[in-house]
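Enquirer: Have a peek at input-v7.cif (mmCIF, C-alpha atoms).
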```
data_protein
loop_
_atom_site.label_atom_id
_atom_site.label_comp_id
_atom_site.auth_asym_id
_atom_site.auth_seq_id
_atom_site.Cartn_x
_atom_site.Cartn_y
_atom_site.Cartn_z
CA MET A 1 77.30 55.94 263.82
CA LYS A 2 76.03 59.05 262.00
CA LYS A 3 79.08 61.06 263.09
CA PHE A 4 81.40 58.31 261.86
CA ASP A 5 79.58 58.20 258.52
CA THR A 6 79.88 61.99 258.13
CA VAL A 7 83.59 62.06 258.99
CA LYS A 8 84.42 59.24 256.58
CA THR A 9 82.40 60.87 253.81
CA VAL A 10 84.29 64.15 254.29
CA GLN A 11 87.60 62.26 254.25
CA LEU A 12 86.69 60.48 251.02
CA VAL A 13 85.59 63.70 249.31
CA LEU A 14 88.78 65.50 250.39
CA THR A 15 90.94 62.61 249.16
CA ILE A 16 89.26 62.67 245.74
CA LEU A 17 89.53 66.48 245.53
CA LEU A 18 93.22 66.42 246.45
CA ALA A 19 93.94 63.73 243.87
CA CYS A 20 92.05 65.60 241.15
CA THR A 21 93.70 68.91 242.07
CA ALA A 22 97.16 67.37 241.97
CA LEU A 23 96.50 65.73 238.59
CA ILE A 24 95.11 68.92 237.04
CA THR A 25 98.02 70.96 238.43
CA ILE A 26 100.58 68.56 236.91
CA LEU A 27 98.85 68.50 233.50
CA ARG A 28 98.47 72.29 233.32
CA ASP A 29 101.94 73.17 234.60
CA THR A 30 104.29 72.16 231.77
CA GLU A 31 107.41 73.01 233.79
CA LEU A 32 106.30 70.79 236.66
CA TYR A 33 105.30 68.06 234.21
CA SER A 34 108.75 68.19 232.58
CA MET A 35 110.46 68.18 235.96
CA ILE A 36 108.63 65.02 236.96
CA ALA A 37 109.44 63.40 233.65
CA VAL A 38 113.15 64.34 233.72
CA ASN A 39 114.15 64.43 237.39
CA PRO A 40 114.08 60.94 238.98
CA HIS A 41 113.96 62.35 242.52
CA VAL A 42 110.89 64.46 241.76
CA ARG A 43 109.36 61.53 239.91
CA LEU A 44 109.91 59.29 242.94
CA LEU A 45 108.36 61.89 245.25
CA ALA A 46 105.30 62.23 242.97
CA PHE A 47 104.99 58.45 242.79
CA VAL A 48 105.07 58.12 246.59
CA LEU A 49 102.44 60.84 246.99
CA TRP A 50 100.15 59.10 244.49
CA ILE A 51 100.65 55.82 246.31
CA VAL A 52 99.66 57.51 249.59
CA LEU A 53 96.51 59.00 248.02
CA GLY A 54 95.63 55.65 246.45
CA LEU A 55 96.07 53.76 249.71
CA SER A 56 94.06 56.40 251.59
CA PHE A 57 91.25 55.96 249.07
CA LEU A 58 91.33 52.16 249.45
CA PHE A 59 91.36 52.35 253.25
CA LEU A 60 88.40 54.73 253.19
CA LEU A 61 86.48 52.33 250.95
CA TYR A 62 87.32 49.52 253.37
CA ASP A 63 86.04 51.65 256.27
CA PHE A 64 82.79 52.30 254.40
CA ASN A 65 82.31 48.58 253.71
CA SER A 66 83.07 47.73 257.33
CA TYR A 67 80.67 50.43 258.48
CA SER A 68 77.91 49.06 256.23
CA ASP A 69 78.47 45.56 257.60
CA LEU A 70 78.38 46.92 261.16
CA LYS A 71 75.12 48.78 260.52
CA ARG A 72 73.56 45.66 259.04
CA GLU A 73 74.69 43.57 262.00
CA ASN A 74 73.32 46.17 264.42
CA LEU A 75 70.00 46.18 262.59
CA GLU A 76 69.86 42.40 262.77
CA LEU A 77 70.71 42.55 266.47
CA ASP A 78 68.04 45.20 267.11
CA HIS A 79 65.52 43.08 265.24
CA ALA A 80 66.44 40.03 267.30
CA VAL A 81 66.21 41.98 270.57
CA TYR A 82 63.15 44.12 269.91
CA SER A 83 61.08 42.08 267.45
CA ASP A 84 58.98 39.03 268.15
CA ALA A 85 60.56 35.99 266.50
CA LEU A 86 57.23 34.53 265.36
CA THR A 87 55.42 37.63 264.11
CA GLY A 88 58.06 40.27 263.43
CA ILE A 89 56.20 42.96 265.37
CA ALA A 90 57.47 44.48 268.62
CA ASN A 91 58.00 41.86 271.32
CA ARG A 92 57.31 41.97 275.07
CA TYR A 93 60.67 43.62 275.74
CA SER A 94 59.89 46.37 273.20
CA VAL A 95 56.50 46.88 274.80
CA ASP A 96 58.16 47.31 278.20
CA VAL A 97 60.70 49.74 276.72
CA TYR A 98 57.95 51.80 275.09
CA ILE A 99 55.88 51.89 278.26
CA GLY A 100 59.04 52.81 280.17
CA LYS A 101 59.14 56.15 278.33
CA PHE A 102 56.10 57.23 280.34
CA MET A 103 57.15 55.84 283.70
CA ASN A 104 57.81 58.08 286.70
CA GLN A 105 55.78 60.91 285.25
CA PRO A 106 52.12 61.96 285.20
CA LEU A 107 50.07 60.13 282.61
CA PRO A 108 49.81 62.26 279.43
CA GLU A 109 46.22 63.25 278.71
CA ASP A 110 46.51 62.30 275.06
CA ILE A 111 47.56 58.66 275.58
CA GLY A 112 45.24 55.69 275.21
CA CYS A 113 45.66 51.97 274.77
CA VAL A 114 43.85 48.87 273.56
CA THR A 115 44.61 45.34 274.74
CA ILE A 116 43.59 42.71 272.23
CA GLU A 117 43.56 39.00 272.95
CA ILE A 118 42.95 35.99 270.73
CA THR A 119 40.35 34.06 272.72
CA ASN A 120 40.18 30.76 270.85
CA LEU A 121 43.84 29.93 270.44
CA SER A 122 43.46 26.70 272.41
CA GLU A 123 40.66 25.63 270.06
CA ILE A 124 42.84 26.38 267.03
CA ASN A 125 45.73 24.42 268.54
CA ALA A 126 43.42 21.47 269.26
CA LYS A 127 42.09 21.36 265.69
CA LEU A 128 45.12 22.44 263.66
CA GLY A 129 48.04 21.68 265.96
CA HIS A 130 50.72 23.98 267.26
CA GLU A 131 51.68 25.14 263.76
CA GLY A 132 48.07 26.12 263.16
CA GLY A 133 48.11 28.16 266.37
CA ASP A 134 51.34 29.87 265.34
CA GLY A 135 49.78 30.59 261.96
CA ALA A 136 46.76 32.18 263.62
CA ILE A 137 49.01 34.42 265.73
CA GLN A 138 50.93 35.43 262.62
CA ILE A 139 47.73 36.24 260.73
CA PHE A 140 46.38 38.28 263.62
CA SER A 141 49.71 40.09 263.97
CA ASP A 142 49.67 40.95 260.26
CA ILE A 143 46.19 42.39 260.68
CA LEU A 144 47.25 44.53 263.64
CA ARG A 145 50.44 45.67 261.90
CA THR A 146 48.44 46.75 258.84
CA VAL A 147 45.83 48.60 260.89
CA ALA A 148 48.40 50.18 263.23
CA ASN A 149 50.64 51.49 260.44
CA GLY A 150 51.29 55.13 261.31
CA VAL A 151 48.42 55.16 263.80
CA CYS A 152 49.83 53.66 266.97
CA PHE A 153 52.53 51.50 268.51
CA ILE A 154 51.64 47.81 268.35
CA GLY A 155 53.36 44.93 270.09
CA ARG A 156 52.86 41.33 271.12
CA ASN A 157 52.57 41.47 274.88
CA GLY A 158 53.09 37.76 275.41
CA GLY A 159 51.32 34.64 274.15
CA ASN A 160 48.00 35.50 272.53
CA LYS A 161 47.87 39.09 273.81
CA PHE A 162 48.67 42.31 271.96
CA LEU A 163 48.89 45.93 273.02
CA ALA A 164 48.25 49.08 270.98
CA ILE A 165 49.31 52.43 272.46
CA PHE A 166 48.08 55.69 270.95
CA ARG A 167 49.57 59.17 271.22
CA LYS A 168 47.33 62.14 270.45
CA CYS A 169 44.53 59.71 271.13
CA SER A 170 40.80 60.31 270.83
CA GLU A 171 37.68 58.20 271.06
CA THR A 172 37.34 58.53 267.29
CA ARG A 173 40.82 57.11 266.69
CA LEU A 174 40.10 54.19 269.01
CA GLU A 175 36.79 53.51 267.31
CA LYS A 176 38.36 53.59 263.84
CA PHE A 177 41.20 51.31 264.94
CA CYS A 178 38.86 48.72 266.46
CA ALA A 179 36.52 48.90 263.47
CA SER A 180 39.43 48.35 261.08
CA VAL A 181 40.65 45.36 263.08
CA GLU A 182 37.16 43.87 262.99
CA ALA A 183 36.85 44.38 259.24
CA GLN A 184 40.27 42.83 258.60
CA VAL A 185 39.50 39.83 260.81
CA GLN A 186 36.17 39.36 259.03
CA ALA A 187 37.90 39.30 255.66
CA ARG A 188 40.56 36.83 256.83
CA ASN A 189 38.07 34.55 258.58
CA GLU A 190 36.36 33.84 255.27
CA LEU A 191 39.53 32.02 254.24
CA LEU A 192 40.33 30.27 257.53
CA GLU A 193 39.38 26.75 258.56
CA VAL A 194 38.97 27.89 262.16
CA PRO A 195 37.80 31.53 262.41
CA LEU A 196 39.71 33.85 264.70
CA ARG A 197 37.94 35.10 267.81
CA TYR A 198 39.25 37.96 269.89
CA SER A 199 38.33 40.34 272.65
CA ALA A 200 39.46 43.92 273.15
CA GLY A 201 39.62 46.31 276.07
CA ARG A 202 40.14 50.06 275.76
CA ALA A 203 41.40 52.61 278.27
CA PHE A 204 41.45 56.35 277.65
CA HIS A 205 40.59 59.46 279.68
CA GLU A 206 39.82 57.48 282.82
CA GLY A 207 40.01 60.46 285.17
CA ASP A 208 41.04 59.87 288.77
CA ALA A 209 40.80 56.09 288.30
CA VAL A 210 44.11 56.02 286.41
CA HIS A 211 47.26 58.05 287.13
CA THR A 212 50.10 56.11 285.46
CA ILE A 213 50.79 54.30 282.21
CA THR A 214 50.94 50.94 283.98
CA GLU A 215 47.50 51.52 285.49
CA LEU A 216 46.14 52.47 282.06
CA VAL A 217 47.54 49.30 280.45
CA ALA A 218 46.33 47.16 283.36
CA LEU A 219 42.82 48.60 282.99
CA SER A 220 42.68 47.84 279.27
CA ASP A 221 43.93 44.33 280.03
CA ARG A 222 41.19 43.76 282.62
CA ARG A 223 38.55 45.00 280.23
CA ALA A 224 39.81 42.69 277.48
CA TRP A 225 39.62 39.78 279.92
CA GLN A 226 36.12 40.77 281.03
CA ASN A 227 34.95 41.14 277.44
CA SER A 228 36.31 37.73 276.52
CA GLY A 229 33.62 36.11 278.65
CA HIS A 230 30.52 37.65 277.09
CA MET A 231 31.65 39.86 274.19
CA GLN A 232 33.85 37.54 272.15
CA ASN A 233 34.01 38.62 268.53
CA GLN A 234 33.48 35.83 266.07
CA ILE A 235 33.60 37.50 262.72
#
```
Can you present the structure in this file as structure tokens?

Expert:
Amino acid sequence: MKKFDTVKTVQLVLTILLACTALITILRDTELYSMIAVNPHVRLLAFVLWIVLGLSFLFLLYDFNSYSDLKRENLELDHAVYSDALTGIANRYSVDVYIGKFMNQPLPEDIGCVTIEITNLSEINAKLGHEGGDGAIQIFSDILRTVANGVCFIGRNGGNKFLAIFRKCSETRLEKFCASVEAQVQARNELLEVPLRYSAGRAFHEGDAVHTITELVALSDRRAWQNSGHMQNQI
């Protein structure tokens, strides 16, 4: 795509330069100008050349418009494939693709993850209906997207579960992320009929207990599940 854009831009610039050069040459060369005005054969040749330049310019503009439409369609397709339809954040497929970057290699020392799960979605659905449950997921996704901006990768890992993956991770970054999520949930819960409850599980620098990215994610998932039983956050 980028190569195509560059080539077409060069073609358009050259076409404009050639047209301008030809026009300036004709206007400055009085003998050539007179020849075109007097000789019908030369005039016909000049006319044909201008028609060719004009058509080339129009075709290039058409290519640019088609290219813009194609880019927009590709963006829409990427969004449909990689983004969650309900929340707009990365979907399960995107999460798998991101995790796949670290497959079949030793686990980087600077990578950490947090699994976050809404623990009272069934309660919200019971009280507010399915639309209320979808609304809660959207609100929670907005919170995570805001907190994760520029900090980590965030995706919906199915249903009521979300996954944050950190590069150049540290305990301080994890603490700040979790604290920001808690503060955002607290602020939103003041406006909600049914407050959001969630649990979180972290995994980072686990030593010999974890050797791969899938083991790291699985550990954070288990910890989130364990915490949901006795450490549910009701902010």

Enquirer: Just give me the gap between CA of Leu55 in chain A and CA of Pro40 in chain A in Å, one decimal is fine.

Expert: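 Answer for the CA of Leu55 in chain A to CA of Pro40 in chain A separation: 22.2 Å.
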
Enquirer: What gap, in Å, lies between CA of Lys176 in chain A and CA of Ala200 in chain A?

Expert: 13.5 Å

Enquirer: Expanded to explicit residues, what is the PyMOL selection byres ((chain A and resi 205) around 8) for this file, as a ChimeraX atom specification?

Expert: /A:109,112,203-204,206-207

Enquirer: Around range 105-108 of chain A, with edges along x, y and z and 5 Å added on all six sides, what centre and edge lengths do you get, in Å to one decimal, as AutoDock Vina command-line options?

Expert:
```
--center_x 52.8 --center_y 61.2 --center_z 282.3 --size_x 16.0 --size_y 12.1 --size_z 15.8
```

Enquirer: Run the PyMOL selection byres ((chain A and resi 169) around 12) against the file shown and list the residues it catches, as an NGL selection string.

Expert: :A and (108-114 or 151-153 or 164-168 or 170-177 or 202-205)

Enquirer: I would like the residues chosen by the PyMOL selection byres ((chain A and resi 94) around 10) on the shown file; could you give them as a short mmCIF file (atom, residue, chain, number, x, y, z; two decimals) with C-alpha atoms, keeping the file's coordinate frame?

Expert:
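Saved to selection22.cif:
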```cif
data_model
loop_
_atom_site.label_atom_id
_atom_site.label_comp_id
_atom_site.auth_asym_id
_atom_site.auth_seq_id
_atom_site.Cartn_x
_atom_site.Cartn_y
_atom_site.Cartn_z
CA VAL A 81 66.21 41.98 270.57
CA TYR A 82 63.15 44.12 269.91
CA SER A 83 61.08 42.08 267.45
CA ASP A 84 58.98 39.03 268.15
CA ILE A 89 56.20 42.96 265.37
CA ALA A 90 57.47 44.48 268.62
CA ASN A 91 58.00 41.86 271.32
CA ARG A 92 57.31 41.97 275.07
CA TYR A 93 60.67 43.62 275.74
CA VAL A 95 56.50 46.88 274.80
CA ASP A 96 58.16 47.31 278.20
CA VAL A 97 60.70 49.74 276.72
CA TYR A 98 57.95 51.80 275.09
CA ILE A 99 55.88 51.89 278.26
CA GLY A 100 59.04 52.81 280.17
CA ILE A 154 51.64 47.81 268.35
CA GLY A 155 53.36 44.93 270.09
CA ARG A 156 52.86 41.33 271.12
CA ASN A 157 52.57 41.47 274.88
#
```

Enquirer: Find, counting all atoms listed in the file, the residue in A:Ala85, A:Ala46, A:Leu196, A:Ala218 that gets nearest to Glu123 in chain A.

Expert: A:Leu196

Enquirer: My list of candidates is A:Thr25, A:Thr6, A:Ser228, A:Met103. Which is closest to Glu215 in chain A when distances are computed with all atoms listed in the file?

Expert: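 So, comparing all the options, the nearest one is A:Met103.
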
Enquirer: Could you please determine the separation between CA of Leu216 in chain A and CA of Asp134 in chain A in Å, to one decimal place?

Expert: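 CA of Asp134 in chain A lies 28.6 Å from CA of Leu216 in chain A.
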
Enquirer: Would you list the contacts of Phe140 in chain A as number ranges by chain, taking every protein, DNA or RNA residue within 10 Å and counting all atoms listed in the file, but skipping same-chain residues closer than 5 positions in sequence?

Expert: A: 87, 117-118, 134-135, 145-146, 160, 162, 181, 184-185, 188, 196-198

Enquirer: A:Gly201, A:Gly54, A:Gly88, A:Gly159: which is nearest Thr15 in chain A, counting only C-alpha atoms?

Expert: A:Gly54

Enquirer: Rank nothing, just name the residue among A:Ile51, A:Ser220, A:Ser122, A:Ile139 nearest to Leu163 in chain A, using all atoms listed in the file.

Expert: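 That would be A:Ser220, the residue with the smallest distance to Leu163 in chain A.
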